[in-house]
Each structure stands twice: as C-alpha cells, then as structure tokens.
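For reference, the structure discussed in these notes is given below.
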Amino acid sequence: MTNTSKKSGSGTPPPATSGIWGGRFASGPAAIMQEINASIDFDRRLYAHDIAASKAHAAMLAKTGIISQDDGDAIAKGLDAVVKEIECGDFEFKQELEDIHMNVESRLGELIGDAAGRLHTARSRNDQVATDFKLWVRDALGQLDEDLKTLQSILIDRAGEHAATMMPGFTHLQSAQPVTLGHHLLAYVEMLGRDRGRASDCRKRLNESPLGAAALAGTSFPIDRHMTAGALGFDAPMANSLDAVSDRDFVLEYLSNAAILGIHLSRLAEEIVLWCSVQFAYAHMPDAYSTGSSIMPQKRNPDAAELVRAKAGVIIGALNTVLVMMKGLPLAYGKDMQEDKVPVFAVADTLALSLAAMSGMVEGMTFDVERMKADAGSGHATATDLADWLVKTLDMPFRDAHHVTGALVKLADEKTMGLHQLSLDDMQSVAPGITKEVYDVLKVEDALNSRNSFGGTAPTSVEGAVAEARKRFLDG
Ligand code: ARG
C-alpha cells in the first residue's frame, strides 16, 4: 500500500481539534490536512530563535504591565527549560502542533501551567515567524562570512606561494596573455570579498524587528516594540505592521547573494576540473578529494569540484522557488510563506558544505609549475607584447602594430614555430625597423614582469596584492 492511499483513508479518525486555535472547530483536521499544514519537520531548526524572541516578548509584556512580573518570570524559566529539553533530545516534536511556535508554547503550558497562555498576548505567529526567521538568517550570514573568510585565507596563501608561477591567461578559453597563478587565484579572493560585502549589506537591511506587528495591523496593547527590538539585537522595529509580517526581502536577498556566490564557486570548480584533466595537467588533486572509477582503473575524478559546480544549480533553483512563491501574494501574510524555510535551510547547508569542500581542495591541490610554464608561452601568448614593443620602440600607431604582429603570427604559424623562434630576417621581412631587442619582450618572464600596473599580473604586483588582500580581508 502506498503512503498516499493510506493517508487519504476515510477510516482514520480525525485528531482532536487544535488546543491552540481550535475553539471554533467541531472536528480536527484530516490526516492529509495535518500533513500539508505542518512545518515542524523543518521549522524546528528555528527553536533557539523562537525561544529567544519569546523571552524578549515576555520580558516586554511584564515590563509594560501587560502581564504580571511573576508570569513573566515563570515564562522565562519555562522557556529555558524547553531549550534544554530540545538540546538534550528530550523534546517530543508533534506534527499535530503544526510548527515550532505551537510546539514550544504547548510544552511551556505543560511545564508552567496557566501563565504560558499569556505569552501570546499582543503577538501572532505571523510576526513571530518573521522575527524567528530573520534572527536565523542573521546567524546564517555570520557563519557564511566566517566560511568565506576561511576560503579567502587559503586562496591568499596559495596566491602568495605562486606569485611568480607562470601560466597561460585565457579569453574565450584560448591562450591570450601569460599570467601568474597567484594573480589568477586572487581574482577569486576579490569575488568572495564582494560576496562578503553583499552578506553584510543584507544583514544591515534585514536588521529591523517585525515583532509586535501582531497578525498584520499592530495591537491595542501598550507594547514597547523598541524594547523587544533592542533585546534581540535589531536596530529598530519595522515601521509598518503590514510590511513586517509580509516581507521576505531578507530571504530573497540572502538567496540572491547565495546564487551569486554559488556561481563564483562553480566557476572555480570548473577551472579545477579543467586543470586536473590529463589534457591540461596543470593541477593534481590529492587523494582525499579524488574518486576512482568502478570500471576504468586509471581514472582520478574531481567529483568534489563537479558537485560544487552542480550545487550552484541547487542554489539558483532555491532562489527561483522563493521568487515565484512570493510574486503573487497579496498583503499581508499568506501560508505560502511557510515554505520559504525549506530552500533557505537547504542553501545554508549547501553553502557550508561547498565552501568546506572548496577550501579542502584549494588547500590540498598541487600545481605542475613546469607544465604551466611551458604552456604559458603557447598560442603566441606574447603577441600583444610584440605589438606594444612596435608602438614603444618604432613609434607605430597601435592599429598598424596590431596588423604587423598579425602578419608575424601568420608567418610563425606557416613555419610551425613560436614568435620567439622567427629569425630577425623573418621579422624584418614584415617590418624592416625591427631590431634584435624585440626578442626580450617575447619571453614569457619579460611579458609577465612588464605588466606591473596596479591590479596587473607581474609577480611584484601580485606580491603586493597578496599583502593588501590580507589586510583588506583577513585582518580584524
Ligand atoms: N508556521 C507558520 C509559518 O511558518 C507560522 C505562521 C502561521 N500563521 C498563520 N496565520 N497560520 O509561516
């Protein structure tokens, strides 16, 4: 028998009506109704934030005289006991209690009796869930920043180690100009730096408290929303109660930022896959991050990199899920919004795992420096240097120099040799003014050393950039 046919069986006796909202109902929900309605299987992850917000709310209710100080104290003590039970694994989460809010409140009632019934004065699950979720995402942003910093620090170390390691730089995945590996790795440090910046912007913008907006319209109780906002580390209460319960911009921002980060990780993962191929053979993945094939004994597969690349798709999908979920919702709260937690939790877990795997790979990867160097000059990678030399030495307009260099590349191709292997006679047959000094700029080392402009690839620039990156991203 399938699950579905079992659940839809009309013989199942309806559960008792909800003790929390069931006053006007004669019977409880159908089993399927209960299952679709319940979020406890996923929103239990909000327990710590839910309880922190309830404690702040209860303290405010007592301070403003809405409930007695004794009830306020009993609620606070009871909530502490509930956290302990959850953390020790002694708490029984019940689907019939729908979500984390009602599971906690119901257990509080069992522990402290009637006072528990006063906790929900002047609030609703609508402002409660928005508050809990904001607090959760705020913590997730903090963790994300740490994980990003760890990966940056590993990339910066590796960049320092390879400040002078030559490799081809590509555009269109064709050899373009030589670069240093350190410079290439630092490009990702910059991307991750912007990801951290976006996380910090998101944190700033989300840091206003929905608590006290109640169901949608505010409340007639003399609450102090500034007090609860302050107690929970928010900068201020949200200004509009309708917005407070219906806003999920913070979720969309978190997921948008995650999608951009996912793309950065995926691009690095893709490069690792290429570099580790037998054809490129620039890098070697340690055993700890490689897998074998069940049929081809020679294989070493970079599965972790491929999975990081794939997980960017999971993250982009999560962003789409919430965008589509929110786009048609009239104000204020809609139950659709309960589903927003699933993609956010999945993305937070995915990012933590992807960043840890990426950190491990980058730390453990070894580079075939000789192979990269040999490849750095391939594909006439110093042709731009030749054109620049013609401009600087012979005072040619750049467009003419580009044309002359193109003719020299064609000649070299016909002779199946590199530009640096053309004889001076060959060179002069195309541009009579060329002198033997031209050979200096055709060497990869010279090409690299000459690109010492700010942000350029010269080893000296990269050494400076490594030191700067440490200051900007790791110190403090
Ligand atoms: N579990 C719900 C959620 O996550 C809580 C809010 C329910 N509010 C309501 N009016 N039914 O969205």
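Residues in the structure tokens are numbered from 1 in each chain, the chains being A, B, ... in the order shown, and ligands are numbered from 1 in the order shown.
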
- prompt: What lies within 9 Å of Pro459 in chain A using only C-alpha atoms, ignoring chain neighbours under 3 positions off, as a ChimeraX atom specification?
  reply: /A:162-165,180,182-183,448-449,451-452,456,462-464

Any chance you can output those residues with N, CA, C and O atoms as a compact mmCIF listing (two decimals), in the first residue's frame?
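Final output, saved to result.txt:
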# COMPACT_ATOMS: atom_id res chain seq x y z
N HIS A 162 52.44 31.16 -5.13
CA HIS A 162 52.56 31.10 -6.60
C HIS A 162 52.52 32.48 -7.25
O HIS A 162 52.02 32.63 -8.36
N ALA A 163 53.08 33.48 -6.53
CA ALA A 163 53.05 34.85 -7.07
C ALA A 163 53.79 34.92 -8.41
O ALA A 163 53.47 35.74 -9.26
N ALA A 164 54.81 34.06 -8.59
CA ALA A 164 55.61 34.14 -9.82
C ALA A 164 55.40 32.93 -10.73
O ALA A 164 56.08 32.79 -11.75
N THR A 165 54.47 32.05 -10.38
CA THR A 165 54.24 30.87 -11.21
C THR A 165 53.53 31.26 -12.50
O THR A 165 52.46 31.85 -12.46
N THR A 180 50.18 35.11 -13.96
CA THR A 180 50.73 34.31 -12.87
C THR A 180 49.57 33.60 -12.18
O THR A 180 48.45 34.13 -12.09
N GLY A 182 49.27 33.10 -9.07
CA GLY A 182 48.86 33.89 -7.90
C GLY A 182 47.81 34.93 -8.28
O GLY A 182 46.82 35.13 -7.56
N HIS A 183 48.02 35.56 -9.40
CA HIS A 183 47.08 36.58 -9.88
C HIS A 183 45.71 35.97 -10.16
O HIS A 183 44.67 36.52 -9.79
N LEU A 448 55.49 38.94 -18.42
CA LEU A 448 54.85 38.99 -17.10
C LEU A 448 55.37 40.16 -16.27
O LEU A 448 54.59 40.93 -15.70
N ASN A 449 56.71 40.28 -16.22
CA ASN A 449 57.30 41.33 -15.38
C ASN A 449 56.86 42.72 -15.82
O ASN A 449 56.76 43.63 -15.01
N ARG A 451 54.00 43.68 -16.88
CA ARG A 451 52.60 44.04 -16.56
C ARG A 451 52.47 44.37 -15.08
O ARG A 451 51.77 43.70 -14.32
N ASN A 452 53.17 45.43 -14.70
CA ASN A 452 53.22 45.78 -13.28
C ASN A 452 52.32 46.96 -12.95
O ASN A 452 52.50 47.65 -11.96
N GLY A 456 47.72 44.48 -11.97
CA GLY A 456 48.26 43.65 -13.06
C GLY A 456 48.89 42.36 -12.55
O GLY A 456 48.94 42.11 -11.35
N VAL A 462 51.72 41.06 -7.82
CA VAL A 462 50.96 40.02 -7.11
C VAL A 462 51.42 39.95 -5.65
O VAL A 462 50.59 39.82 -4.74
N GLU A 463 52.75 40.06 -5.44
CA GLU A 463 53.21 40.05 -4.04
C GLU A 463 52.57 41.18 -3.25
O GLU A 463 52.12 40.99 -2.11
N GLY A 464 52.52 42.35 -3.87
CA GLY A 464 51.88 43.49 -3.21
C GLY A 464 50.39 43.23 -3.00
O GLY A 464 49.84 43.52 -1.94

- request: With only C-alpha atoms and all ligand atoms counted, collect every polymer residue having an atom within 8 Å of ligand 1; state the result as a list in words.
  value: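 Residues satisfying the distance criterion: Ala38, Ser39, Ile40, Asp43, Glu98, Asp99, Ile100, His101, Ser124, Arg125, Asn126, Asp127, Gln128, Val129, Ala130, Ala215, Tyr333, Gly334, Lys335, Asp336, Met337, Gln338, Glu339, Asp340 and Lys341 of chain A.
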
- prompt: CA of Ser378 in chain A and CA of Thr435 in chain A are how many Å apart?
  reply: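 Computing it gives 22.9 Å between the two atoms.
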
I want to know what sits within 12 Å of range 422-424 of chain A, based on only C-alpha atoms, with residues of the same chain fewer than 5 positions away left out; could you give that as a PDB file with N, CA, C and O atoms, in the first residue's frame?
ATOM      1  N   HIS A 380      51.181  31.791 -29.143  1.00  0.00           N
ATOM      2  CA  HIS A 380      51.683  33.156 -29.394  1.00  0.00           C
ATOM      3  C   HIS A 380      51.201  34.128 -28.319  1.00  0.00           C
ATOM      4  O   HIS A 380      50.732  35.237 -28.604  1.00  0.00           O
ATOM      5  N   LEU A 408      53.202  38.592 -38.551  1.00  0.00           N
ATOM      6  CA  LEU A 408      54.293  37.780 -37.973  1.00  0.00           C
ATOM      7  C   LEU A 408      53.743  36.472 -37.385  1.00  0.00           C
ATOM      8  O   LEU A 408      54.371  35.412 -37.497  1.00  0.00           O
ATOM      9  N   VAL A 409      52.559  36.550 -36.767  1.00  0.00           N
ATOM     10  CA  VAL A 409      51.931  35.340 -36.218  1.00  0.00           C
ATOM     11  C   VAL A 409      51.624  34.374 -37.363  1.00  0.00           C
ATOM     12  O   VAL A 409      51.872  33.161 -37.267  1.00  0.00           O
ATOM     13  N   LYS A 410      51.132  34.923 -38.467  1.00  0.00           N
ATOM     14  CA  LYS A 410      50.798  34.077 -39.626  1.00  0.00           C
ATOM     15  C   LYS A 410      52.067  33.377 -40.148  1.00  0.00           C
ATOM     16  O   LYS A 410      52.075  32.174 -40.405  1.00  0.00           O
ATOM     17  N   LEU A 411      53.155  34.182 -40.227  1.00  0.00           N
ATOM     18  CA  LEU A 411      54.429  33.626 -40.702  1.00  0.00           C
ATOM     19  C   LEU A 411      54.919  32.511 -39.765  1.00  0.00           C
ATOM     20  O   LEU A 411      55.339  31.445 -40.214  1.00  0.00           O
ATOM     21  N   ALA A 412      54.815  32.770 -38.456  1.00  0.00           N
ATOM     22  CA  ALA A 412      55.255  31.762 -37.471  1.00  0.00           C
ATOM     23  C   ALA A 412      54.416  30.500 -37.608  1.00  0.00           C
ATOM     24  O   ALA A 412      54.938  29.380 -37.544  1.00  0.00           O
ATOM     25  N   ASP A 413      53.114  30.665 -37.812  1.00  0.00           N
ATOM     26  CA  ASP A 413      52.234  29.505 -37.973  1.00  0.00           C
ATOM     27  C   ASP A 413      52.628  28.702 -39.214  1.00  0.00           C
ATOM     28  O   ASP A 413      52.685  27.475 -39.181  1.00  0.00           O
ATOM     29  N   GLU A 414      52.926  29.435 -40.297  1.00  0.00           N
ATOM     30  CA  GLU A 414      53.322  28.737 -41.531  1.00  0.00           C
ATOM     31  C   GLU A 414      54.593  27.921 -41.300  1.00  0.00           C
ATOM     32  O   GLU A 414      54.761  26.847 -41.839  1.00  0.00           O
ATOM     33  N   LYS A 415      55.476  28.455 -40.477  1.00  0.00           N
ATOM     34  CA  LYS A 415      56.748  27.758 -40.215  1.00  0.00           C
ATOM     35  C   LYS A 415      56.622  26.830 -39.011  1.00  0.00           C
ATOM     36  O   LYS A 415      57.638  26.324 -38.520  1.00  0.00           O
ATOM     37  N   THR A 416      55.371  26.681 -38.507  1.00  0.00           N
ATOM     38  CA  THR A 416      55.096  25.892 -37.289  1.00  0.00           C
ATOM     39  C   THR A 416      56.134  26.163 -36.189  1.00  0.00           C
ATOM     40  O   THR A 416      56.785  25.261 -35.678  1.00  0.00           O
ATOM     41  N   MET A 417      56.284  27.414 -35.857  1.00  0.00           N
ATOM     42  CA  MET A 417      57.182  27.782 -34.745  1.00  0.00           C
ATOM     43  C   MET A 417      56.551  28.900 -33.923  1.00  0.00           C
ATOM     44  O   MET A 417      55.516  29.465 -34.315  1.00  0.00           O
ATOM     45  N   SER A 429      61.461  41.074 -42.651  1.00  0.00           N
ATOM     46  CA  SER A 429      60.740  40.950 -43.931  1.00  0.00           C
ATOM     47  C   SER A 429      59.327  41.521 -43.797  1.00  0.00           C
ATOM     48  O   SER A 429      58.709  41.921 -44.766  1.00  0.00           O
ATOM     49  N   VAL A 430      58.817  41.561 -42.580  1.00  0.00           N
ATOM     50  CA  VAL A 430      57.473  42.121 -42.361  1.00  0.00           C
ATOM     51  C   VAL A 430      57.566  43.589 -41.941  1.00  0.00           C
ATOM     52  O   VAL A 430      56.814  44.427 -42.425  1.00  0.00           O
ATOM     53  N   ALA A 431      58.508  43.896 -41.015  1.00  0.00           N
ATOM     54  CA  ALA A 431      58.672  45.285 -40.580  1.00  0.00           C
ATOM     55  C   ALA A 431      60.170  45.578 -40.481  1.00  0.00           C
ATOM     56  O   ALA A 431      60.829  45.134 -39.541  1.00  0.00           O
ATOM     57  N   PRO A 432      60.714  46.268 -41.474  1.00  0.00           N
ATOM     58  CA  PRO A 432      62.181  46.446 -41.576  1.00  0.00           C
ATOM     59  C   PRO A 432      62.809  47.083 -40.346  1.00  0.00           C
ATOM     60  O   PRO A 432      63.979  46.827 -40.051  1.00  0.00           O
ATOM     61  N   GLY A 433      62.068  47.882 -39.597  1.00  0.00           N
ATOM     62  CA  GLY A 433      62.667  48.582 -38.458  1.00  0.00           C
ATOM     63  C   GLY A 433      62.931  47.706 -37.239  1.00  0.00           C
ATOM     64  O   GLY A 433      63.594  48.126 -36.288  1.00  0.00           O
ATOM     65  N   ILE A 434      62.444  46.475 -37.230  1.00  0.00           N
ATOM     66  CA  ILE A 434      62.582  45.619 -36.033  1.00  0.00           C
ATOM     67  C   ILE A 434      64.054  45.305 -35.760  1.00  0.00           C
ATOM     68  O   ILE A 434      64.814  45.011 -36.679  1.00  0.00           O
ATOM     69  N   THR A 435      64.471  45.406 -34.497  1.00  0.00           N
ATOM     70  CA  THR A 435      65.849  45.080 -34.101  1.00  0.00           C
ATOM     71  C   THR A 435      65.846  43.875 -33.169  1.00  0.00           C
ATOM     72  O   THR A 435      64.791  43.449 -32.707  1.00  0.00           O
ATOM     73  N   LYS A 436      67.059  43.379 -32.855  1.00  0.00           N
ATOM     74  CA  LYS A 436      67.132  42.146 -32.063  1.00  0.00           C
ATOM     75  C   LYS A 436      66.581  42.306 -30.639  1.00  0.00           C
ATOM     76  O   LYS A 436      66.240  41.325 -29.986  1.00  0.00           O
ATOM     77  N   GLU A 437      66.472  43.554 -30.178  1.00  0.00           N
ATOM     78  CA  GLU A 437      65.911  43.786 -28.837  1.00  0.00           C
ATOM     79  C   GLU A 437      64.484  43.250 -28.700  1.00  0.00           C
ATOM     80  O   GLU A 437      63.982  43.041 -27.613  1.00  0.00           O
ATOM     81  N   VAL A 438      63.833  43.041 -29.858  1.00  0.00           N
ATOM     82  CA  VAL A 438      62.446  42.573 -29.819  1.00  0.00           C
ATOM     83  C   VAL A 438      62.341  41.240 -29.066  1.00  0.00           C
ATOM     84  O   VAL A 438      61.339  40.957 -28.422  1.00  0.00           O
ATOM     85  N   TYR A 439      63.439  40.440 -29.143  1.00  0.00           N
ATOM     86  CA  TYR A 439      63.358  39.100 -28.532  1.00  0.00           C
ATOM     87  C   TYR A 439      63.159  39.175 -27.013  1.00  0.00           C
ATOM     88  O   TYR A 439      62.631  38.262 -26.402  1.00  0.00           O
ATOM     89  N   LEU A 442      59.581  38.895 -26.088  1.00  0.00           N
ATOM     90  CA  LEU A 442      58.866  37.682 -26.493  1.00  0.00           C
ATOM     91  C   LEU A 442      58.982  36.583 -25.444  1.00  0.00           C
ATOM     92  O   LEU A 442      58.329  35.558 -25.521  1.00  0.00           O
TER      93      LEU A 442
END

query: What is the distance between CA of Ala259 in chain A and CA of Ile315 in chain A, in Å to one decimal?
result: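 Here the two named atoms are 5.6 Å from each other.
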
Any chance you could tabulate, as JSON lines, the residues of range 204-287 of chain A at most 12 Å from range 144-149 of chain A with each one's nearest atom pair and distance in Å to one decimal, using only C-alpha atoms, in chain and rising number order?
{"residue": "A:Tyr254", "atom": "CA", "partner": "A:Leu144", "partner_atom": "CA", "distance": 10.6}
{"residue": "A:Asn257", "atom": "CA", "partner": "A:Leu144", "partner_atom": "CA", "distance": 11.0}
{"residue": "A:Ala258", "atom": "CA", "partner": "A:Leu144", "partner_atom": "CA", "distance": 9.6}
{"residue": "A:Leu261", "atom": "CA", "partner": "A:Leu148", "partner_atom": "CA", "distance": 9.6}
{"residue": "A:Gly262", "atom": "CA", "partner": "A:Leu148", "partner_atom": "CA", "distance": 11.8}
{"residue": "A:His264", "atom": "CA", "partner": "A:Leu148", "partner_atom": "CA", "distance": 11.6}
{"residue": "A:Leu265", "atom": "CA", "partner": "A:Leu148", "partner_atom": "CA", "distance": 10.7}

Dump of N, CA and C atoms for the selected residues, as an mmCIF file, in the first residue's frame:
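Dumped to out11.cif:
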data_model
loop_
_atom_site.group_PDB
_atom_site.id
_atom_site.type_symbol
_atom_site.label_atom_id
_atom_site.label_comp_id
_atom_site.auth_asym_id
_atom_site.auth_seq_id
_atom_site.Cartn_x
_atom_site.Cartn_y
_atom_site.Cartn_z
ATOM 1 N N TYR A 254 19.143 37.074 0.715
ATOM 2 C CA TYR A 254 20.059 36.015 1.135
ATOM 3 C C TYR A 254 20.257 35.018 -0.007
ATOM 4 N N ASN A 257 22.139 36.559 -3.058
ATOM 5 C CA ASN A 257 23.574 36.618 -2.776
ATOM 6 C C ASN A 257 24.189 35.228 -2.836
ATOM 7 N N ALA A 258 23.440 34.265 -2.305
ATOM 8 C CA ALA A 258 23.930 32.877 -2.325
ATOM 9 C C ALA A 258 24.081 32.396 -3.765
ATOM 10 N N LEU A 261 27.246 33.865 -5.164
ATOM 11 C CA LEU A 261 28.366 33.123 -4.574
ATOM 12 C C LEU A 261 28.459 31.726 -5.199
ATOM 13 N N GLY A 262 27.300 31.087 -5.366
ATOM 14 C CA GLY A 262 27.282 29.749 -5.979
ATOM 15 C C GLY A 262 27.935 29.776 -7.356
ATOM 16 N N HIS A 264 30.257 31.912 -8.359
ATOM 17 C CA HIS A 264 31.710 32.059 -8.177
ATOM 18 C C HIS A 264 32.359 30.707 -7.869
ATOM 19 N N LEU A 265 31.730 29.973 -6.949
ATOM 20 C CA LEU A 265 32.299 28.670 -6.574
ATOM 21 C C LEU A 265 32.261 27.724 -7.767
#

query: So, counting only C-alpha atoms, which residue among A:Ile86, A:Gly22, A:Gly218, A:Gly230 is closest to Arg107 in chain A?
result: A:Ile86

- prompt: Which neighbours of Ala115 in chain A fall inside 9 Å, counting only C-alpha atoms, when residues of the same chain fewer than 4 positions from it are skipped, and could you give them as a list in words?
  reply: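 Within the cut-off, the hits are Asp70, Asp71, Gly72, Ala74, Ile75, Leu108, Gly109 and Leu119 of chain A.
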
task: Would you please extract all strand (DSSP E) residues from range 107-328 of chain A, as assigned by DSSP on the backbone, and give them as a list in words?
output: Met166, Met167, Pro168, Gly169, Phe170, Thr171, Gln174, Ser175, Ala176, Gln177, Pro178, Val179, Thr180, Glu208, Ser209, Ala236, Pro237, Ala283 and His284 of chain A

Generate a file of the selected residues that holds N, CA, C and O atoms, formatted as a PDB file, in the first residue's frame.
ATOM      1  N   MET A 166      54.153  30.903 -13.627  1.00  0.00           N
ATOM      2  CA  MET A 166      53.580  31.335 -14.919  1.00  0.00           C
ATOM      3  C   MET A 166      52.528  30.369 -15.395  1.00  0.00           C
ATOM      4  O   MET A 166      52.639  29.165 -15.217  1.00  0.00           O
ATOM      5  N   MET A 167      51.519  30.918 -16.010  1.00  0.00           N
ATOM      6  CA  MET A 167      50.501  30.074 -16.663  1.00  0.00           C
ATOM      7  C   MET A 167      49.879  30.877 -17.794  1.00  0.00           C
ATOM      8  O   MET A 167      50.024  32.101 -17.825  1.00  0.00           O
ATOM      9  N   PRO A 168      49.207  30.199 -18.702  1.00  0.00           N
ATOM     10  CA  PRO A 168      48.524  30.980 -19.730  1.00  0.00           C
ATOM     11  C   PRO A 168      47.304  31.661 -19.126  1.00  0.00           C
ATOM     12  O   PRO A 168      46.632  31.077 -18.283  1.00  0.00           O
ATOM     13  N   GLY A 169      47.039  32.878 -19.559  1.00  0.00           N
ATOM     14  CA  GLY A 169      45.766  33.505 -19.237  1.00  0.00           C
ATOM     15  C   GLY A 169      44.877  33.321 -20.456  1.00  0.00           C
ATOM     16  O   GLY A 169      45.374  33.313 -21.588  1.00  0.00           O
ATOM     17  N   PHE A 170      43.606  33.119 -20.216  1.00  0.00           N
ATOM     18  CA  PHE A 170      42.708  32.808 -21.329  1.00  0.00           C
ATOM     19  C   PHE A 170      41.638  33.866 -21.523  1.00  0.00           C
ATOM     20  O   PHE A 170      41.166  34.472 -20.554  1.00  0.00           O
ATOM     21  N   THR A 171      41.251  34.088 -22.768  1.00  0.00           N
ATOM     22  CA  THR A 171      39.940  34.677 -23.049  1.00  0.00           C
ATOM     23  C   THR A 171      39.349  33.749 -24.097  1.00  0.00           C
ATOM     24  O   THR A 171      40.082  33.188 -24.920  1.00  0.00           O
ATOM     25  N   GLN A 174      40.912  30.531 -25.051  1.00  0.00           N
ATOM     26  CA  GLN A 174      42.056  30.474 -25.961  1.00  0.00           C
ATOM     27  C   GLN A 174      43.198  31.209 -25.263  1.00  0.00           C
ATOM     28  O   GLN A 174      42.965  32.197 -24.575  1.00  0.00           O
ATOM     29  N   SER A 175      44.434  30.717 -25.481  1.00  0.00           N
ATOM     30  CA  SER A 175      45.597  31.398 -24.898  1.00  0.00           C
ATOM     31  C   SER A 175      45.550  32.862 -25.264  1.00  0.00           C
ATOM     32  O   SER A 175      45.440  33.201 -26.446  1.00  0.00           O
ATOM     33  N   ALA A 176      45.636  33.737 -24.261  1.00  0.00           N
ATOM     34  CA  ALA A 176      45.525  35.169 -24.542  1.00  0.00           C
ATOM     35  C   ALA A 176      46.838  35.865 -24.222  1.00  0.00           C
ATOM     36  O   ALA A 176      47.561  36.297 -25.109  1.00  0.00           O
ATOM     37  N   GLN A 177      47.172  35.945 -22.930  1.00  0.00           N
ATOM     38  CA  GLN A 177      48.437  36.531 -22.493  1.00  0.00           C
ATOM     39  C   GLN A 177      48.875  35.738 -21.271  1.00  0.00           C
ATOM     40  O   GLN A 177      48.022  35.251 -20.530  1.00  0.00           O
ATOM     41  N   PRO A 178      50.189  35.641 -21.048  1.00  0.00           N
ATOM     42  CA  PRO A 178      50.598  34.910 -19.852  1.00  0.00           C
ATOM     43  C   PRO A 178      50.174  35.647 -18.587  1.00  0.00           C
ATOM     44  O   PRO A 178      50.125  36.887 -18.570  1.00  0.00           O
ATOM     45  N   VAL A 179      49.851  34.903 -17.573  1.00  0.00           N
ATOM     46  CA  VAL A 179      49.551  35.482 -16.255  1.00  0.00           C
ATOM     47  C   VAL A 179      50.279  34.660 -15.201  1.00  0.00           C
ATOM     48  O   VAL A 179      50.888  33.636 -15.516  1.00  0.00           O
ATOM     49  N   THR A 180      50.177  35.114 -13.960  1.00  0.00           N
ATOM     50  CA  THR A 180      50.725  34.313 -12.868  1.00  0.00           C
ATOM     51  C   THR A 180      49.566  33.604 -12.177  1.00  0.00           C
ATOM     52  O   THR A 180      48.454  34.128 -12.093  1.00  0.00           O
ATOM     53  N   GLU A 208      15.829  44.866  11.186  1.00  0.00           N
ATOM     54  CA  GLU A 208      14.718  45.584  11.829  1.00  0.00           C
ATOM     55  C   GLU A 208      13.690  44.554  12.275  1.00  0.00           C
ATOM     56  O   GLU A 208      13.428  43.585  11.567  1.00  0.00           O
ATOM     57  N   SER A 209      13.109  44.793  13.419  1.00  0.00           N
ATOM     58  CA  SER A 209      12.288  43.766  14.058  1.00  0.00           C
ATOM     59  C   SER A 209      10.815  43.799  13.634  1.00  0.00           C
ATOM     60  O   SER A 209      10.147  44.826  13.747  1.00  0.00           O
ATOM     61  N   ALA A 236      16.037  48.562  15.045  1.00  0.00           N
ATOM     62  CA  ALA A 236      14.783  49.300  15.238  1.00  0.00           C
ATOM     63  C   ALA A 236      13.626  48.353  14.954  1.00  0.00           C
ATOM     64  O   ALA A 236      13.828  47.301  14.330  1.00  0.00           O
ATOM     65  N   PRO A 237      12.424  48.706  15.387  1.00  0.00           N
ATOM     66  CA  PRO A 237      11.249  47.945  14.932  1.00  0.00           C
ATOM     67  C   PRO A 237      10.906  48.325  13.493  1.00  0.00           C
ATOM     68  O   PRO A 237      11.153  49.465  13.088  1.00  0.00           O
ATOM     69  N   ALA A 283      47.111  20.847 -12.606  1.00  0.00           N
ATOM     70  CA  ALA A 283      46.945  20.646 -11.161  1.00  0.00           C
ATOM     71  C   ALA A 283      46.676  19.185 -10.861  1.00  0.00           C
ATOM     72  O   ALA A 283      46.236  18.417 -11.723  1.00  0.00           O
ATOM     73  N   HIS A 284      46.953  18.844  -9.623  1.00  0.00           N
ATOM     74  CA  HIS A 284      46.759  17.480  -9.178  1.00  0.00           C
ATOM     75  C   HIS A 284      45.962  17.534  -7.878  1.00  0.00           C
ATOM     76  O   HIS A 284      46.331  18.235  -6.938  1.00  0.00           O
TER      77      HIS A 284
END

query: What gap, in Å, lies between CA of Lys134 in chain A and CA of Leu353 in chain A?
result: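 Atom-to-atom, CA of Lys134 in chain A and CA of Leu353 in chain A are spaced 22.1 Å apart.
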
- request: Kindly indicate which residue among A:Gly455, A:Gly160, A:Gly377, A:Pro210 lies nearest to Asp247 in chain A, using only C-alpha atoms for the distances.
  value: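 Under the stated criterion, the closest residue is A:Pro210.
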